[in-house]
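Worksheet: the structure to be examined is printed underneath.
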Amino acid sequence: MKRPHYKRIVLKISGEVLTGEKGYGIDPEVILKLAQEIKEVVSLGVEMAIVIGGGNIFRGVAASSKGMDRATADYMGMLATILNGLALQDALEKIDVHTRVQTAIEMREIAEPYIRRRAMRHLEKGRVVIFAAGTGNPFFTTDTTASLRATEIGAEVILKATKVDGIYDADPAFHKEAHKYEELTYLDVLKKQLKVMDATAISLCMDQKIPIIVFSLKERGNVQKVVLGEKVGTEVK
Ligand code: UDP
């Protein structure tokens, strides 16, 4: 049996991954498949924390560009991540994966508040911890949340699951000739202004030397491949 490369990981799931072909909201089929993949990885003995995005429902920047107060819009974005977090928890629990949702904005009736030590204890017990509501602060992103939480809980890597199979020098959806990078340094990403993660998220990973692997969830089994050390997507280190 292959052994996982990592003991503790943070899986960052962008909200857009959950929409499937609909382009908006949550597709129950997509989320069930995702849950199955997560189960497979957890059964390898990997401790997994998940940071979930909210862009499939609400994005603060987009709303503020249309005139909404940015902080208010960002709080709405954070609430959107909680919706996604609960949907993912539901899908995981249905297939007997034990989970806890922890929110950075208190909502005690439906989830635990974020408590670092408690999150780590859950992970040690083999539970999947879903971090929702981002960092709890406007003007940040869930990518930064992934970097922050990975640092706090001592994760060895961030797996960033998206709809694209790695990092390109141009958007492959619009540019046929776009080139995919196998590996990049944090500074490359910052200098070339590649749209992988925002600069805050990248800088924190650079300071803490946490590698980021960007890959697509469209191909079944990719999370497991990455965890087993197969070369998938693009690695930033
Ligand atoms: N957000 C925020 N602070 C955070 C994390 C998220 O204000 O620490 C808000 C922000 O408005 C963002 C929205 O939540 O647009 C959804 O998160 P994000 O865009 O990172 O989700 P993703 O792109 O991963 O789906």
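Residue numbering restarts at 1 for every chain of the structure tokens, chains are lettered A, B, ... in their displayed order, and ligands are numbered from 1 as they appear.
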Kindly assemble as a Markdown table a list of the chain A residues that lie within 9 Å of ligand 1, each paired with its nearest atom pair and their distance in Å to one decimal, using only C-alpha atoms and all ligand atoms, sorted first by chain and then by ascending residue number.
```
| residue | atom | partner | partner_atom_place_in_ligand_line | distance |
| --- | --- | --- | --- | --- |
| A:Lys12 | CA | ligand 1 | 24 (O) | 7.5 |
| A:Ile13 | CA | ligand 1 | 24 (O) | 6.3 |
| A:Ser14 | CA | ligand 1 | 24 (O) | 3.6 |
| A:Gly15 | CA | ligand 1 | 25 (O) | 3.4 |
| A:Glu16 | CA | ligand 1 | 25 (O) | 5.6 |
| A:Val17 | CA | ligand 1 | 25 (O) | 7.9 |
| A:Leu18 | CA | ligand 1 | 25 (O) | 9.0 |
| A:Val51 | CA | ligand 1 | 24 (O) | 8.5 |
| A:Ile52 | CA | ligand 1 | 24 (O) | 6.5 |
| A:Gly53 | CA | ligand 1 | 24 (O) | 3.4 |
| A:Gly54 | CA | ligand 1 | 16 (C) | 3.9 |
| A:Gly55 | CA | ligand 1 | 25 (O) | 3.4 |
| A:Asn56 | CA | ligand 1 | 25 (O) | 5.9 |
| A:Ile57 | CA | ligand 1 | 16 (C) | 7.9 |
| A:Phe58 | CA | ligand 1 | 13 (C) | 6.1 |
| A:Arg59 | CA | ligand 1 | 15 (O) | 3.5 |
| A:Gly60 | CA | ligand 1 | 11 (O) | 3.2 |
| A:Val61 | CA | ligand 1 | 15 (O) | 5.8 |
| A:Ala62 | CA | ligand 1 | 15 (O) | 7.5 |
| A:Ala63 | CA | ligand 1 | 11 (O) | 8.4 |
| A:Arg70 | CA | ligand 1 | 11 (O) | 7.9 |
| A:Ala71 | CA | ligand 1 | 7 (O) | 7.1 |
| A:Thr72 | CA | ligand 1 | 11 (O) | 8.6 |
| A:Ala73 | CA | ligand 1 | 11 (O) | 5.9 |
| A:Asp74 | CA | ligand 1 | 11 (O) | 3.3 |
| A:Tyr75 | CA | ligand 1 | 7 (O) | 5.5 |
| A:Met76 | CA | ligand 1 | 11 (O) | 6.7 |
| A:Gly77 | CA | ligand 1 | 14 (O) | 3.4 |
| A:Met78 | CA | ligand 1 | 14 (O) | 4.1 |
| A:Leu79 | CA | ligand 1 | 14 (O) | 7.3 |
| A:Ala80 | CA | ligand 1 | 16 (C) | 6.7 |
| A:Thr81 | CA | ligand 1 | 16 (C) | 6.3 |
| A:Ala104 | CA | ligand 1 | 8 (O) | 8.5 |
| A:Ala132 | CA | ligand 1 | 5 (C) | 8.5 |
| A:Ala133 | CA | ligand 1 | 5 (C) | 6.3 |
| A:Gly134 | CA | ligand 1 | 5 (C) | 3.6 |
| A:Thr135 | CA | ligand 1 | 8 (O) | 3.6 |
| A:Gly136 | CA | ligand 1 | 8 (O) | 5.2 |
| A:Asn137 | CA | ligand 1 | 3 (N) | 4.7 |
| A:Pro138 | CA | ligand 1 | 7 (O) | 3.5 |
| A:Phe139 | CA | ligand 1 | 7 (O) | 5.0 |
| A:Phe140 | CA | ligand 1 | 3 (N) | 4.0 |
| A:Thr141 | CA | ligand 1 | 5 (C) | 3.7 |
| A:Thr142 | CA | ligand 1 | 20 (O) | 3.7 |
| A:Asp143 | CA | ligand 1 | 20 (O) | 5.7 |
| A:Thr144 | CA | ligand 1 | 8 (O) | 6.7 |
| A:Thr145 | CA | ligand 1 | 8 (O) | 5.7 |
| A:Thr162 | CA | ligand 1 | 24 (O) | 8.7 |
```
Got a sec: who's within 10 Å of A:Pro28, counting only C-alpha atoms, leaving out chain neighbours fewer than 2 positions off, as a PDB file with all heavy atoms, in the first residue's frame?
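So the final result, stored in part.pdb, reads:
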```
ATOM      1  N   LEU A  18     -17.834  23.937  -6.367  1.00  0.00           N
ATOM      2  CA  LEU A  18     -19.080  23.309  -5.915  1.00  0.00           C
ATOM      3  C   LEU A  18     -20.258  23.518  -6.865  1.00  0.00           C
ATOM      4  O   LEU A  18     -21.302  22.910  -6.714  1.00  0.00           O
ATOM      5  CB  LEU A  18     -19.474  23.837  -4.526  1.00  0.00           C
ATOM      6  CG  LEU A  18     -18.399  23.763  -3.443  1.00  0.00           C
ATOM      7  CD1 LEU A  18     -18.944  24.328  -2.140  1.00  0.00           C
ATOM      8  CD2 LEU A  18     -17.940  22.328  -3.228  1.00  0.00           C
ATOM      9  N   THR A  19     -20.075  24.392  -7.848  1.00  0.00           N
ATOM     10  CA  THR A  19     -21.209  24.725  -8.706  1.00  0.00           C
ATOM     11  C   THR A  19     -21.446  23.713  -9.820  1.00  0.00           C
ATOM     12  O   THR A  19     -22.513  23.690 -10.404  1.00  0.00           O
ATOM     13  CB  THR A  19     -21.002  26.088  -9.413  1.00  0.00           C
ATOM     14  OG1 THR A  19     -19.857  25.970 -10.260  1.00  0.00           O
ATOM     15  CG2 THR A  19     -20.798  27.196  -8.429  1.00  0.00           C
ATOM     16  N   GLY A  20     -20.418  22.890 -10.097  1.00  0.00           N
ATOM     17  CA  GLY A  20     -20.545  21.977 -11.235  1.00  0.00           C
ATOM     18  C   GLY A  20     -20.735  22.781 -12.503  1.00  0.00           C
ATOM     19  O   GLY A  20     -20.090  23.807 -12.695  1.00  0.00           O
ATOM     20  N   GLY A  25     -24.211  28.584  -7.055  1.00  0.00           N
ATOM     21  CA  GLY A  25     -24.758  27.774  -5.970  1.00  0.00           C
ATOM     22  C   GLY A  25     -24.034  26.456  -5.771  1.00  0.00           C
ATOM     23  O   GLY A  25     -22.867  26.311  -6.128  1.00  0.00           O
ATOM     24  N   ILE A  26     -24.745  25.502  -5.197  1.00  0.00           N
ATOM     25  CA  ILE A  26     -24.128  24.222  -4.836  1.00  0.00           C
ATOM     26  C   ILE A  26     -24.796  23.098  -5.615  1.00  0.00           C
ATOM     27  O   ILE A  26     -26.018  22.963  -5.583  1.00  0.00           O
ATOM     28  CB  ILE A  26     -24.308  23.960  -3.319  1.00  0.00           C
ATOM     29  CG1 ILE A  26     -23.689  25.104  -2.501  1.00  0.00           C
ATOM     30  CG2 ILE A  26     -23.702  22.621  -2.928  1.00  0.00           C
ATOM     31  CD1 ILE A  26     -24.077  25.097  -1.034  1.00  0.00           C
ATOM     32  N   VAL A  30     -21.985  17.159  -7.266  1.00  0.00           N
ATOM     33  CA  VAL A  30     -20.569  17.528  -7.209  1.00  0.00           C
ATOM     34  C   VAL A  30     -20.051  17.399  -5.780  1.00  0.00           C
ATOM     35  O   VAL A  30     -18.971  16.871  -5.524  1.00  0.00           O
ATOM     36  CB  VAL A  30     -20.367  18.974  -7.715  1.00  0.00           C
ATOM     37  CG1 VAL A  30     -18.957  19.466  -7.458  1.00  0.00           C
ATOM     38  CG2 VAL A  30     -20.691  19.071  -9.193  1.00  0.00           C
ATOM     39  N   ILE A  31     -20.845  17.840  -4.849  1.00  0.00           N
ATOM     40  CA  ILE A  31     -20.393  17.841  -3.456  1.00  0.00           C
ATOM     41  C   ILE A  31     -20.303  16.401  -2.915  1.00  0.00           C
ATOM     42  O   ILE A  31     -19.413  16.079  -2.130  1.00  0.00           O
ATOM     43  CB  ILE A  31     -21.285  18.782  -2.598  1.00  0.00           C
ATOM     44  CG1 ILE A  31     -20.451  19.381  -1.476  1.00  0.00           C
ATOM     45  CG2 ILE A  31     -22.493  18.128  -2.061  1.00  0.00           C
ATOM     46  CD1 ILE A  31     -20.993  20.655  -0.913  1.00  0.00           C
ATOM     47  N   LEU A  32     -21.165  15.537  -3.397  1.00  0.00           N
ATOM     48  CA  LEU A  32     -21.093  14.137  -2.951  1.00  0.00           C
ATOM     49  C   LEU A  32     -19.831  13.452  -3.476  1.00  0.00           C
ATOM     50  O   LEU A  32     -19.164  12.698  -2.774  1.00  0.00           O
ATOM     51  CB  LEU A  32     -22.336  13.356  -3.398  1.00  0.00           C
ATOM     52  CG  LEU A  32     -23.557  13.525  -2.490  1.00  0.00           C
ATOM     53  CD1 LEU A  32     -24.771  12.825  -3.071  1.00  0.00           C
ATOM     54  CD2 LEU A  32     -23.265  12.999  -1.079  1.00  0.00           C
ATOM     55  N   LYS A  33     -19.504  13.743  -4.742  1.00  0.00           N
ATOM     56  CA  LYS A  33     -18.275  13.180  -5.318  1.00  0.00           C
ATOM     57  C   LYS A  33     -17.045  13.681  -4.570  1.00  0.00           C
ATOM     58  O   LYS A  33     -16.123  12.932  -4.277  1.00  0.00           O
ATOM     59  CB  LYS A  33     -18.156  13.595  -6.799  1.00  0.00           C
ATOM     60  CG  LYS A  33     -18.892  12.678  -7.727  1.00  0.00           C
ATOM     61  CD  LYS A  33     -18.462  12.977  -9.156  1.00  0.00           C
ATOM     62  CE  LYS A  33     -19.573  12.587 -10.111  1.00  0.00           C
ATOM     63  NZ  LYS A  33     -19.676  13.439 -11.273  1.00  0.00           N
ATOM     64  N   LEU A  34     -17.089  14.959  -4.253  1.00  0.00           N
ATOM     65  CA  LEU A  34     -15.983  15.573  -3.527  1.00  0.00           C
ATOM     66  C   LEU A  34     -15.834  14.906  -2.154  1.00  0.00           C
ATOM     67  O   LEU A  34     -14.716  14.578  -1.716  1.00  0.00           O
ATOM     68  CB  LEU A  34     -16.270  17.075  -3.375  1.00  0.00           C
ATOM     69  CG  LEU A  34     -15.305  17.908  -2.577  1.00  0.00           C
ATOM     70  CD1 LEU A  34     -13.917  17.856  -3.189  1.00  0.00           C
ATOM     71  CD2 LEU A  34     -15.781  19.365  -2.539  1.00  0.00           C
ATOM     72  N   ALA A  87     -22.914  22.479   3.829  1.00  0.00           N
ATOM     73  CA  ALA A  87     -23.265  21.535   2.757  1.00  0.00           C
ATOM     74  C   ALA A  87     -22.209  20.433   2.665  1.00  0.00           C
ATOM     75  O   ALA A  87     -22.531  19.247   2.524  1.00  0.00           O
ATOM     76  CB  ALA A  87     -23.381  22.277   1.422  1.00  0.00           C
ATOM     77  N   LEU A  88     -20.955  20.831   2.781  1.00  0.00           N
ATOM     78  CA  LEU A  88     -19.882  19.833   2.704  1.00  0.00           C
ATOM     79  C   LEU A  88     -19.911  18.913   3.921  1.00  0.00           C
ATOM     80  O   LEU A  88     -19.734  17.697   3.805  1.00  0.00           O
ATOM     81  CB  LEU A  88     -18.525  20.548   2.593  1.00  0.00           C
ATOM     82  CG  LEU A  88     -17.312  19.637   2.442  1.00  0.00           C
ATOM     83  CD1 LEU A  88     -17.433  18.757   1.200  1.00  0.00           C
ATOM     84  CD2 LEU A  88     -16.026  20.459   2.359  1.00  0.00           C
ATOM     85  N   ALA A  91     -22.595  16.332   3.387  1.00  0.00           N
ATOM     86  CA  ALA A  91     -22.208  15.296   2.419  1.00  0.00           C
ATOM     87  C   ALA A  91     -21.204  14.323   3.040  1.00  0.00           C
ATOM     88  O   ALA A  91     -21.278  13.102   2.818  1.00  0.00           O
ATOM     89  CB  ALA A  91     -21.615  15.947   1.176  1.00  0.00           C
TER      90      ALA A  91
END
```
Which residues are close to A:Ala35, i.e. within 12 Å by only C-alpha atoms, leaving aside same-chain residues fewer than 3 positions away? Reply as a VMD selection string.
chain A and resid 13 18 28 to 32 38 to 42 50 85 87 to 99 128 217 220 to 221 223
Hey, can you check how far atom CA of A:Leu123 sits from atom CA of A:Arg149?
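Separation between atom CA of A:Leu123 and atom CA of A:Arg149: 12.9 Å.
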Using only C-alpha atoms, which residues sit within 7 Å of A:Lys160 once same-chain residues fewer than 5 positions away are excluded, as a ChimeraX atom specification?
/A:11-13,212-215
Across A:Pro113, A:Pro4, A:Gly23, A:Gly229, the smallest distance to A:Val101, with only C-alpha atoms counted, is shown by A:Pro113
Among stretch 148-182 of chain A, which ones does DSSP assign to strand (DSSP E or B) (computed from the backbone)? Answer as a list in words.
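Selection result, strand (DSSP E or B) within stretch 148-182 of chain A: Val157, Ile158, Leu159, Lys160, Ala161, Thr162, Ile167, Tyr168, Lys180 and Tyr181 of chain A.
Minimum distance to A:Met197 across A:Leu159, A:Glu112, A:Arg3, A:Val232 (counting only C-alpha atoms) occurs at A:Leu159.
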I'd like to know which of A:Phe131, A:Val236, A:Ala155, A:Val227 is closest to A:Ile105, using only C-alpha atoms.
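Among the listed residues, A:Phe131 lies closest to A:Ile105.
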Distance in Å - atom CA of A:Asp188 versus atom CA of A:Gln208:
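If I compute the distance from atom CA of A:Asp188 to atom CA of A:Gln208, I get 16.6 Å.
The space separating atom CA of A:Lys2 from atom CA of A:Thr234 comes to 21.7 Å.
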Using only C-alpha atoms, pick whichever of A:Arg8, A:Ile167, A:Glu156, A:Arg100 has the shortest atom-to-atom distance to A:Lys192.
A:Ile167
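Residue nearest A:Glu219 within the list A:Met120, A:Ile110, A:Val46, A:Val164: A:Val164 [criterion: smallest interatomic distance, only C-alpha atoms].
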